[in-house]
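A.B. asks: I'm passing along data31.tsv; it holds TSV, C-alpha atoms and all ligand atoms.
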```tsv
chain	number	residue	atom	x	y	z
A	1	MET	CA	68.79	120.31	-114.94
A	2	SER	CA	68.86	116.54	-114.42
A	3	GLN	CA	65.67	114.51	-114.56
A	4	ALA	CA	66.08	113.63	-110.87
A	5	THR	CA	66.44	117.27	-109.81
A	6	PHE	CA	63.49	118.21	-111.97
A	7	ALA	CA	61.46	115.42	-110.37
A	8	LYS	CA	62.42	116.57	-106.87
A	9	GLU	CA	61.39	120.14	-107.65
A	10	LEU	CA	58.07	118.97	-109.02
A	11	THR	CA	57.47	116.82	-105.96
A	12	ALA	CA	58.09	119.89	-103.82
A	13	LYS	CA	55.84	121.97	-106.08
A	14	PHE	CA	53.05	119.44	-105.70
A	15	ALA	CA	53.53	119.07	-101.96
A	16	GLN	CA	53.02	122.82	-101.81
A	17	LEU	CA	50.01	122.74	-104.13
A	18	TRP	CA	48.52	119.87	-102.14
A	19	THR	CA	49.00	121.80	-98.90
A	20	GLU	CA	47.43	124.93	-100.36
A	21	LYS	CA	44.46	123.07	-101.80
A	22	THR	CA	43.77	120.69	-98.95
A	23	LYS	CA	45.12	122.85	-96.13
A	24	ARG	CA	47.22	119.99	-94.84
A	25	PRO	CA	50.65	118.48	-95.56
A	26	LEU	CA	51.11	115.39	-97.70
A	27	PRO	CA	50.39	112.60	-95.25
A	28	PRO	CA	53.18	110.12	-94.50
A	29	VAL	CA	52.36	106.41	-94.52
A	30	ASN	CA	49.97	106.24	-91.62
A	31	GLN	CA	50.74	103.01	-89.78
A	32	ALA	CA	48.23	103.72	-87.03
A	33	MET	CA	45.44	104.15	-89.57
A	34	MET	CA	46.40	100.98	-91.45
A	35	GLN	CA	46.23	99.18	-88.11
A	36	ARG	CA	42.82	100.67	-87.33
A	37	LEU	CA	41.44	99.65	-90.72
A	38	ARG	CA	42.75	96.12	-90.28
A	39	GLN	CA	41.45	95.83	-86.73
A	40	GLY	CA	38.02	96.88	-87.91
A	41	GLN	CA	37.93	93.60	-89.84
A	42	ARG	CA	37.58	91.79	-86.55
A	43	GLN	CA	34.75	93.99	-85.30
A	44	SER	CA	31.53	92.06	-85.24
A	45	GLY	CA	28.38	93.31	-86.94
A	46	PRO	CA	24.72	92.34	-86.69
A	47	ASN	CA	25.52	89.08	-88.49
A	48	GLU	CA	28.17	87.03	-90.26
A	49	VAL	CA	27.41	88.45	-93.74
A	50	PHE	CA	27.72	92.03	-92.46
A	51	SER	CA	31.13	91.18	-90.98
A	52	ARG	CA	32.35	89.56	-94.19
A	53	VAL	CA	31.24	92.50	-96.35
A	54	SER	CA	32.80	94.90	-93.87
A	55	ALA	CA	36.09	92.95	-94.00
A	56	LEU	CA	36.11	93.04	-97.82
A	57	PHE	CA	35.71	96.82	-97.95
A	58	ARG	CA	38.18	97.44	-95.14
A	59	ASP	CA	40.66	95.37	-97.09
A	60	LEU	CA	40.07	97.41	-100.26
A	61	SER	CA	40.38	100.66	-98.31
A	62	LEU	CA	44.03	99.79	-97.63
A	63	ILE	CA	44.90	100.13	-101.34
A	64	PRO	CA	44.93	103.95	-101.53
A	65	GLN	CA	46.70	104.06	-98.14
A	66	SER	CA	49.52	102.09	-99.76
A	67	PHE	CA	49.95	104.98	-102.24
A	68	GLU	CA	51.03	107.28	-99.39
A	69	ASN	CA	54.60	106.07	-99.48
A	70	ALA	CA	57.32	108.64	-100.18
A	71	GLU	CA	59.83	106.05	-101.36
A	72	LEU	CA	57.41	104.56	-103.89
A	73	GLN	CA	56.34	108.03	-105.03
A	74	ASP	CA	59.99	108.90	-105.65
A	75	MET	CA	60.30	105.77	-107.80
A	76	ALA	CA	57.27	106.89	-109.79
A	77	MET	CA	58.69	110.38	-110.29
A	78	GLU	CA	61.84	108.82	-111.78
A	79	ILE	CA	59.72	106.85	-114.25
A	80	LEU	CA	57.16	109.45	-115.31
A	81	PRO	CA	58.10	111.51	-118.42
A	82	LEU	CA	57.48	114.75	-116.56
A	83	ASP	CA	58.85	117.07	-119.27
A	84	ARG	CA	56.50	115.67	-121.87
A	85	LEU	CA	53.49	115.46	-119.56
A	86	TYR	CA	53.90	119.02	-118.35
A	87	SER	CA	54.68	120.67	-121.65
A	88	VAL	CA	51.58	119.17	-123.29
A	89	ALA	CA	49.40	119.87	-120.26
A	90	GLU	CA	50.54	123.48	-119.98
A	91	GLU	CA	49.95	124.11	-123.66
A	92	ARG	CA	46.48	122.59	-123.59
A	93	ALA	CA	45.53	124.36	-120.37
A	94	GLU	CA	46.43	127.65	-122.01
A	95	GLU	CA	44.70	126.96	-125.32
A	96	GLU	CA	41.62	124.97	-124.29
A	97	GLY	CA	41.35	125.33	-120.52
A	98	GLU	CA	39.03	128.32	-120.46
A	99	ARG	CA	36.76	126.96	-123.17
A	100	ASP	CA	36.49	123.40	-121.81
A	101	ASN	CA	36.70	124.24	-118.13
A	102	TRP	CA	39.62	121.94	-117.32
A	103	GLY	CA	42.71	122.90	-115.33
A	104	LEU	CA	46.42	122.07	-115.64
A	105	GLN	CA	46.07	119.00	-113.41
A	106	ASP	CA	43.24	117.68	-115.57
A	107	TYR	CA	45.29	117.95	-118.77
A	108	LEU	CA	48.22	116.37	-116.94
A	109	ILE	CA	46.13	113.27	-116.25
A	110	MET	CA	44.73	113.19	-119.81
A	111	GLU	CA	48.32	113.12	-121.07
A	112	LEU	CA	49.27	110.54	-118.44
A	113	LEU	CA	46.45	108.31	-119.71
A	114	ARG	CA	47.85	108.48	-123.23
A	115	TRP	CA	51.44	107.74	-122.18
A	116	PHE	CA	50.43	104.97	-119.76
A	117	LYS	CA	48.47	103.01	-122.35
A	118	GLN	CA	50.57	103.70	-125.43
A	119	ASP	CA	54.11	103.66	-124.04
A	120	TYR	CA	54.18	102.21	-120.55
A	121	PHE	CA	51.86	99.38	-119.53
A	122	THR	CA	51.07	96.21	-121.49
A	123	TRP	CA	47.82	94.27	-121.47
A	124	VAL	CA	48.29	90.53	-120.90
A	125	ASN	CA	45.88	87.84	-122.02
A	126	SER	CA	48.61	85.20	-122.05
A	127	PRO	CA	52.25	86.13	-121.44
A	128	PRO	CA	54.71	85.55	-124.32
A	129	CYS	CA	56.63	82.25	-124.32
A	130	GLU	CA	59.94	82.69	-122.50
A	131	THR	CA	61.59	79.86	-124.44
A	132	CYS	CA	60.73	80.26	-128.12
A	133	GLY	CA	59.54	83.85	-127.93
A	134	GLU	CA	56.28	82.94	-129.67
A	135	ASN	CA	53.30	84.99	-128.69
A	136	GLY	CA	50.24	83.51	-130.37
A	137	ASN	CA	50.59	79.91	-129.16
A	138	VAL	CA	50.39	80.48	-125.42
A	139	GLN	CA	47.20	79.54	-123.60
A	140	PHE	CA	45.91	79.56	-120.05
A	141	VAL	CA	46.15	76.16	-118.34
A	142	ARG	CA	45.40	76.60	-114.63
A	143	ARG	CA	45.53	78.90	-111.65
A	144	GLU	CA	47.58	77.92	-108.62
A	145	ASN	CA	49.00	79.30	-105.37
A	146	SER	CA	51.85	81.76	-105.74
A	147	THR	CA	55.32	80.66	-104.68
A	148	PRO	CA	56.89	82.27	-101.57
A	149	GLU	CA	59.08	84.34	-103.93
A	150	GLU	CA	55.98	85.60	-105.80
A	151	GLN	CA	54.18	86.24	-102.52
A	152	LYS	CA	56.95	88.62	-101.50
A	153	TYR	CA	55.44	90.96	-104.08
A	154	ASP	CA	51.93	90.43	-102.85
A	155	ALA	CA	50.83	88.08	-105.65
A	156	SER	CA	47.19	87.14	-105.17
A	157	GLY	CA	47.58	83.87	-107.12
A	158	THR	CA	49.49	82.73	-110.18
A	159	GLU	CA	48.19	81.76	-113.58
A	160	VAL	CA	50.04	79.06	-115.46
A	161	HIS	CA	50.00	79.30	-119.26
A	162	GLN	CA	51.52	76.90	-121.78
A	163	CYS	CA	53.12	77.34	-125.19
A	164	SER	CA	51.75	74.81	-127.70
A	165	ASN	CA	54.84	75.34	-129.86
A	166	CYS	CA	57.47	74.13	-127.36
A	167	ASN	CA	55.31	72.99	-124.39
A	168	THR	CA	57.03	75.39	-121.99
A	169	GLU	CA	54.89	76.48	-119.04
A	170	ILE	CA	54.93	80.19	-118.30
A	171	ARG	CA	53.92	81.59	-114.92
A	172	PHE	CA	51.92	84.81	-114.69
A	173	PRO	CA	51.80	85.91	-111.03
A	174	ARG	CA	49.08	88.48	-110.38
A	175	TYR	CA	51.21	90.97	-108.45
A	176	ASN	CA	49.80	93.73	-106.26
A	177	ASP	CA	53.04	95.27	-105.00
A	178	LEU	CA	53.49	98.71	-106.58
A	179	SER	CA	57.27	98.51	-106.93
A	180	LYS	CA	56.85	95.15	-108.70
A	181	LEU	CA	54.19	96.58	-111.02
A	182	MET	CA	56.56	99.42	-111.94
A	183	GLU	CA	59.03	96.70	-112.93
A	184	THR	CA	56.76	94.22	-114.79
A	185	ARG	CA	54.60	96.97	-116.37
A	186	ARG	CA	51.92	94.52	-117.38
A	187	GLY	CA	48.69	92.87	-116.34
A	188	ARG	CA	44.94	93.17	-116.67
A	189	CYS	CA	42.59	95.79	-115.31
A	190	GLY	CA	43.64	95.18	-111.66
A	191	GLU	CA	47.32	95.89	-112.28
A	192	TRP	CA	46.52	98.72	-114.69
A	193	ALA	CA	44.10	100.51	-112.37
A	194	LYS	CA	46.32	100.21	-109.34
A	195	CYS	CA	49.51	101.41	-111.00
A	196	PHE	CA	47.73	104.22	-112.84
A	197	ALA	CA	45.89	105.47	-109.75
A	198	PHE	CA	49.18	105.42	-107.87
A	199	PHE	CA	50.91	107.48	-110.59
A	200	CYS	CA	48.12	110.07	-110.37
A	201	ARG	CA	48.69	110.21	-106.62
A	202	ALA	CA	52.46	110.50	-107.10
A	203	LEU	CA	51.75	113.52	-109.32
A	204	GLY	CA	50.00	115.08	-106.35
A	205	LEU	CA	46.36	114.52	-107.24
A	206	ARG	CA	43.74	113.09	-104.96
A	207	THR	CA	42.96	109.67	-106.37
A	208	ARG	CA	40.37	106.95	-106.00
A	209	TYR	CA	40.71	103.27	-106.71
A	210	ILE	CA	37.31	102.23	-108.08
A	211	TRP	CA	36.03	98.75	-107.37
A	212	ASN	CA	33.09	97.13	-109.13
A	213	ALA	CA	31.38	93.98	-107.88
A	214	GLU	CA	31.20	92.62	-111.44
A	215	ASP	CA	34.94	92.16	-111.80
A	216	HIS	CA	36.31	95.41	-113.16
A	217	VAL	CA	38.36	98.13	-111.49
A	218	TRP	CA	39.37	101.60	-112.63
A	219	SER	CA	40.14	104.96	-111.02
A	220	GLU	CA	39.02	108.54	-110.43
A	221	VAL	CA	40.94	111.75	-109.83
A	222	TYR	CA	39.69	114.87	-108.10
A	223	SER	CA	39.56	117.87	-110.41
A	224	GLU	CA	40.51	120.96	-108.41
A	225	ARG	CA	39.18	123.04	-111.27
A	226	ARG	CA	35.69	121.50	-111.30
A	227	LYS	CA	35.59	120.41	-107.67
A	228	GLU	CA	34.42	117.00	-108.81
A	229	TRP	CA	35.67	113.44	-108.98
A	230	ILE	CA	36.45	112.53	-112.58
A	231	HIS	CA	36.28	109.02	-114.05
A	232	THR	CA	39.57	107.67	-115.47
A	233	ASP	CA	40.19	104.21	-116.94
A	234	SER	CA	43.78	103.60	-118.01
A	235	CYS	CA	42.95	100.36	-119.91
A	236	GLU	CA	40.63	102.37	-122.12
A	237	GLU	CA	42.55	105.65	-122.10
A	238	ALA	CA	39.22	107.03	-120.93
A	239	TRP	CA	38.78	110.41	-119.30
A	240	ASN	CA	35.46	111.52	-117.86
A	241	SER	CA	33.42	108.84	-119.67
A	242	PRO	CA	31.59	107.20	-116.77
A	243	THR	CA	28.96	105.58	-118.99
A	244	ILE	CA	31.41	103.55	-121.14
A	245	TYR	CA	30.68	100.42	-119.09
A	246	SER	CA	26.91	100.49	-118.99
A	247	GLN	CA	26.40	102.08	-122.42
A	248	GLY	CA	29.53	101.15	-124.38
A	249	TRP	CA	30.06	97.61	-123.12
A	250	GLY	CA	26.48	96.80	-122.18
A	251	LYS	CA	27.78	95.92	-118.71
A	252	LYS	CA	25.25	95.67	-115.90
A	253	MET	CA	26.50	96.51	-112.42
A	254	SER	CA	25.34	96.26	-108.82
A	255	TYR	CA	27.94	98.12	-106.74
A	256	VAL	CA	30.64	100.63	-107.70
A	257	VAL	CA	32.69	101.91	-104.77
A	258	GLY	CA	35.52	104.47	-104.66
A	259	PHE	CA	38.42	104.24	-102.20
A	260	SER	CA	40.61	107.27	-101.59
A	261	GLY	CA	43.01	108.40	-98.91
A	262	ASP	CA	40.11	110.45	-97.53
A	263	GLY	CA	37.32	107.91	-97.37
A	264	VAL	CA	35.09	105.38	-99.08
A	265	THR	CA	32.16	106.37	-101.28
A	266	ASP	CA	29.37	104.52	-103.06
A	267	VAL	CA	29.62	105.98	-106.58
A	268	THR	CA	27.33	103.50	-108.35
A	269	ARG	CA	25.04	106.24	-109.65
A	270	ARG	CA	27.87	107.90	-111.58
A	271	TYR	CA	28.30	104.71	-113.62
A	272	VAL	CA	24.82	103.21	-113.71
A	273	ARG	CA	22.32	105.73	-114.98
A	274	LYS	CA	19.49	103.61	-116.30
A	275	ALA	CA	17.31	101.36	-114.23
A	276	ASP	CA	17.81	98.41	-116.60
A	277	GLN	CA	21.62	98.65	-116.21
A	278	GLN	CA	21.39	98.23	-112.44
A	279	LEU	CA	21.85	94.72	-111.08
A	280	PRO	CA	20.19	93.89	-107.75
A	281	ARG	CA	22.26	94.91	-104.69
A	282	THR	CA	22.19	91.78	-102.59
A	283	MET	CA	25.32	91.89	-100.39
A	284	VAL	CA	23.58	93.44	-97.39
A	285	PRO	CA	20.58	95.78	-97.07
A	286	ASP	CA	21.52	99.25	-98.42
A	287	GLU	CA	21.22	100.85	-94.97
A	288	GLN	CA	23.81	98.41	-93.60
A	289	PHE	CA	25.97	99.00	-96.66
A	290	LYS	CA	25.98	102.71	-95.89
A	291	THR	CA	26.87	101.97	-92.27
A	292	ILE	CA	29.85	99.87	-93.35
A	293	LEU	CA	31.24	102.54	-95.70
A	294	ASN	CA	30.63	105.35	-93.18
A	295	SER	CA	32.43	103.44	-90.46
A	296	ILE	CA	35.52	102.97	-92.66
A	297	THR	CA	35.48	106.64	-93.71
A	298	SER	CA	35.21	107.70	-90.10
A	299	ASP	CA	38.25	105.55	-89.20
A	300	ILE	CA	40.23	107.05	-92.08
A	301	ARG	CA	39.38	110.60	-90.99
A	302	GLN	CA	39.80	110.03	-87.27
A	303	ASN	CA	42.97	112.08	-86.88
A	304	LEU	CA	41.93	115.06	-89.00
A	305	SER	CA	41.12	118.39	-87.39
A	306	PRO	CA	37.45	119.41	-87.02
A	307	SER	CA	37.80	121.93	-89.88
A	308	GLU	CA	39.35	119.33	-92.18
A	309	LYS	CA	36.53	116.93	-91.38
A	310	GLU	CA	34.02	119.71	-92.00
A	311	GLU	CA	35.55	120.47	-95.40
A	312	LEU	CA	35.44	116.82	-96.46
A	313	LYS	CA	31.87	116.56	-95.25
A	314	ARG	CA	30.87	119.52	-97.42
A	315	GLU	CA	32.61	117.83	-100.33
A	316	ASP	CA	30.73	114.57	-99.62
A	317	GLU	CA	27.44	116.46	-99.63
A	318	ALA	CA	28.25	118.16	-102.93
A	319	GLU	CA	29.05	114.79	-104.47
A	320	GLU	CA	25.87	113.33	-103.01
A	321	ARG	CA	23.90	116.07	-104.81
A	322	GLU	CA	25.82	115.44	-108.03
A	323	LEU	CA	25.12	111.69	-107.91
A	324	ALA	CA	21.46	112.28	-107.07
A	325	SER	CA	21.15	114.57	-110.10
A	326	TYR	CA	21.77	111.77	-112.59
A	327	ASN	CA	18.42	110.86	-113.96
A	328	ALA	CA	18.26	107.08	-114.04
A	329	ASP	CA	16.62	107.15	-117.45
A	330	GLU	CA	18.28	110.09	-119.16
A	331	PRO	CA	19.06	109.37	-122.85
A	332	GLN	CA	22.75	108.48	-123.25
A	333	GLU	CA	25.25	109.33	-125.95
A	334	ALA	CA	26.66	106.38	-127.88
A	335	GLN	CA	29.97	105.20	-126.43
A	336	MET	CA	32.92	103.33	-127.88
A	337	PRO	CA	33.13	99.56	-127.27
A	338	ARG	CA	35.82	98.10	-125.02
A	339	GLN	CA	39.39	98.51	-126.35
A	340	SER	CA	41.38	96.39	-123.94
A	341	GLY	CA	41.35	92.60	-123.94
A	342	SER	CA	41.14	90.15	-126.81
A	343	VAL	CA	37.88	89.76	-128.70
A	344	GLU	CA	37.34	86.30	-127.18
A	345	TRP	CA	38.02	87.49	-123.65
A	346	THR	CA	35.70	90.46	-124.07
A	347	LYS	CA	32.97	88.29	-125.57
A	348	ALA	CA	33.31	85.72	-122.81
A	349	ARG	CA	32.54	88.49	-120.35
A	350	GLY	CA	29.56	89.67	-122.37
A	351	GLU	CA	31.09	93.12	-122.76
A	352	GLY	CA	31.41	93.45	-126.52
A	353	GLY	CA	28.73	96.13	-126.70
A	354	SER	CA	25.03	95.73	-127.05
A	355	ASP	CA	25.25	93.98	-130.46
A	356	ASP	CA	26.90	90.84	-129.05
B	401	ZN	ZN	57.38	78.35	-126.74
```
Starting from the file, lay out its structure as structure tokens.
Ligand SMILES: [Zn+2]

C.D. replies:
Amino acid sequence: MSQATFAKELTAKFAQLWTEKTKRPLPPVNQAMMQRLRQGQRQSGPNEVFSRVSALFRDLSLIPQSFENAELQDMAMEILPLDRLYSVAEERAEEEGERDNWGLQDYLIMELLRWFKQDYFTWVNSPPCETCGENGNVQFVRRENSTPEEQKYDASGTEVHQCSNCNTEIRFPRYNDLSKLMETRRGRCGEWAKCFAFFCRALGLRTRYIWNAEDHVWSEVYSERRKEWIHTDSCEEAWNSPTIYSQGWGKKMSYVVGFSGDGVTDVTRRYVRKADQQLPRTMVPDEQFKTILNSITSDIRQNLSPSEKEELKREDEAEERELASYNADEPQEAQMPRQSGSVEWTKARGEGGSDD
């Protein structure tokens, strides 16, 4: 069987699994919903700050909607090493699944994490020199507007680096377009998290893009086995280790928010479990913050049937109980320090672990 045929069959298998699990077909790209989310940006709130915060989160909520694109998902299925991912996942599910309470999909993502970091995506501090091929002599010089060509692939700005060996300037556009990311296969946490979350979605899982106000992003996948959202960070090859940031890196955070195709959720408590790791939440009063997220979720779910909405609401309530159960001052296990990023870059961010 060819890789393409195999991929098609798996896509069909997952479409079926998705339908069975969620009781609804894989959604097509929903133009009407994208429009609604964008229009909401122009809705006015009680004040200017409320409107700006609302616009920011509505903007972020478009990211998982962009995953619902059959053409892009087909591209992903051509790239993913499905044979390898599945054979390892099936073996582990059989041998360890019962004992560790993980399902086939969970092992699939664990294996995807390994492949993504070790074989697929590259971390970039400075890009290699395109002229002399040297790697160690290139340094950041400035950030500037992306060219029209770079903007075609949704670049949010372009870094210019320079090689001290031959003086060549090297451009590093910060692309957001998924097809471009599947081509460049490089970046920092933004590119990593987006591409990885999209691959999880292409494999049929429900996926969240996780945004943190203190400049890091990662992802979550929904475990059908555990009926819970599971932390995943492709930069760190991390599975279900939500305290690596606060405990491992000594990172303090204010807001952590998850964006999925089904809604927007404040998941700060999953990642910040001690009072002294929590930074003040100063964007808007928490009640208004809740209103903003609920309004986006309600727009996303507008076209679902009453029973689908009911099911998601039950799921929200279960997660609410889970998040509330985390004792803010529970003793934590020691976690590994940050793996991605150069030592200097990590230190500059104050994330080298509590010894720095
Ligand atoms: Zn050079």

A.B. asks: Could you list, as a VMD selection string, all protein and nucleic acid residues with an atom at most 10 Å from ligand ZN 401 (chain B), counting only C-alpha atoms and all ligand atoms?

C.D. replies: chain A and resid 128 to 138 162 to 170

A.B. asks: Which of these, A:Leu205, A:Val88, A:Gly97, A:Gly263, has the shortest distance to A:Ser295 once you count only C-alpha atoms?

C.D. replies: A:Gly263

A.B. asks: Can you work out which one of A:Phe57, A:Trp218, A:Trp211, A:Phe172 has the shortest atom-to-atom distance to A:Cys189, counting only C-alpha atoms?

C.D. replies: A:Trp218

A.B. asks: Using all atoms listed in the file for the distances, tell me which of A:Ala213, A:Ile292, A:Val256, A:Cys195 is nearest to A:Ser234.

C.D. replies: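 Comparing A:Ala213, A:Ile292, A:Val256, A:Cys195 against A:Ser234, the winner is A:Cys195.
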
A.B. asks: Please indicate the distance in Å from atom CA of A:Tyr153 to atom CA of A:Lys194, rounded to one decimal place.

C.D. replies: 14.0 Å

A.B. asks: Figure out the distance between atom CA of A:Trp192 and atom CA of A:Leu323, please, to one decimal in Å.

C.D. replies: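 Distance between the two atoms: 25.9 Å.
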
A.B. asks: For atom CA of A:Cys235 and atom CA of A:Asn212, determine how far apart the two atoms are, in Å to one decimal place.

C.D. replies: 15.0 Å

A.B. asks: What box, with edges along x, y and z, holds each listed atom of stretch 318-328 of chain A when 3 Å is added on every side, and can you state its centre and edge lengths in Å to one decimal, as JSON?

C.D. replies:
```
{"center_x": 23.7, "center_y": 112.6, "center_z": -108.5, "size_x": 16.8, "size_y": 17.1, "size_z": 17.1}
```

A.B. asks: For A:Leu279, which of A:Gln247, A:Ser307, A:Glu214, A:Gly258 is the closest residue, counting only C-alpha atoms?

C.D. replies: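 Among the listed residues, the smallest separation from A:Leu279 belongs to A:Glu214.
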
A.B. asks: Give me the residues near A:Ser260 as a PDB file with C-alpha atoms, in the coordinates of the input, where near means some atom within 6 Å (using all atoms listed in the file) and where sequence neighbours in that chain fewer than 6 positions away do not count.

C.D. replies:
```
ATOM      1  CA  PRO A  64      44.930 103.950-101.530  1.00  0.00           C
ATOM      2  CA  THR A 207      42.960 109.670-106.370  1.00  0.00           C
ATOM      3  CA  ARG A 208      40.370 106.950-106.000  1.00  0.00           C
TER       4      ARG A 208
END
```

A.B. asks: Which polymer residues have any atom within 12 Å of an atom of A:Ala193, counting only C-alpha atoms, with same-chain residues fewer than 2 positions away left out, as number ranges by chain?

C.D. replies: A: 63-64, 113, 116-117, 121, 123, 176, 178, 181, 185-191, 195-200, 207-212, 216-221, 231-238

A.B. asks: Of the candidates A:Asn47, A:Arg171, A:Asp119, A:Ala202, which shows the shortest atom-to-atom distance to A:Gln288, using only C-alpha atoms?

C.D. replies: A:Asn47

A.B. asks: Pick out the closest residue to A:Arg269 from this set: A:Thr291, A:Leu312, A:Glu322, A:Ile230. Count only C-alpha atoms.

C.D. replies: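 Of all the options, A:Glu322 lies closest to A:Arg269.
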
A.B. asks: Leaving out A:Ser146 and any residue of its chain fewer than 2 positions from it, which residues lie within 12 Å of it when counting all atoms listed in the file, given as a ChimeraX atom specification?

C.D. replies: /A:143-144,148-160,171-175

A.B. asks: For stretch 102-106 of chain A, work out the shell of residues within 7 Å, counting all atoms listed in the file and skipping chain neighbours fewer than 5 positions away, then give it as a PDB file with C-alpha atoms, keeping the file's coordinate frame.

C.D. replies:
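Output contents, as saved in out_37.pdb:
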```pdb
ATOM      1  CA  ALA A  89      49.400 119.870-120.260  1.00  0.00           C
ATOM      2  CA  GLU A  90      50.540 123.480-119.980  1.00  0.00           C
ATOM      3  CA  ALA A  93      45.530 124.360-120.370  1.00  0.00           C
ATOM      4  CA  GLY A  97      41.350 125.330-120.520  1.00  0.00           C
ATOM      5  CA  SER A 223      39.560 117.870-110.410  1.00  0.00           C
ATOM      6  CA  ARG A 225      39.180 123.040-111.270  1.00  0.00           C
TER       7      ARG A 225
END
```
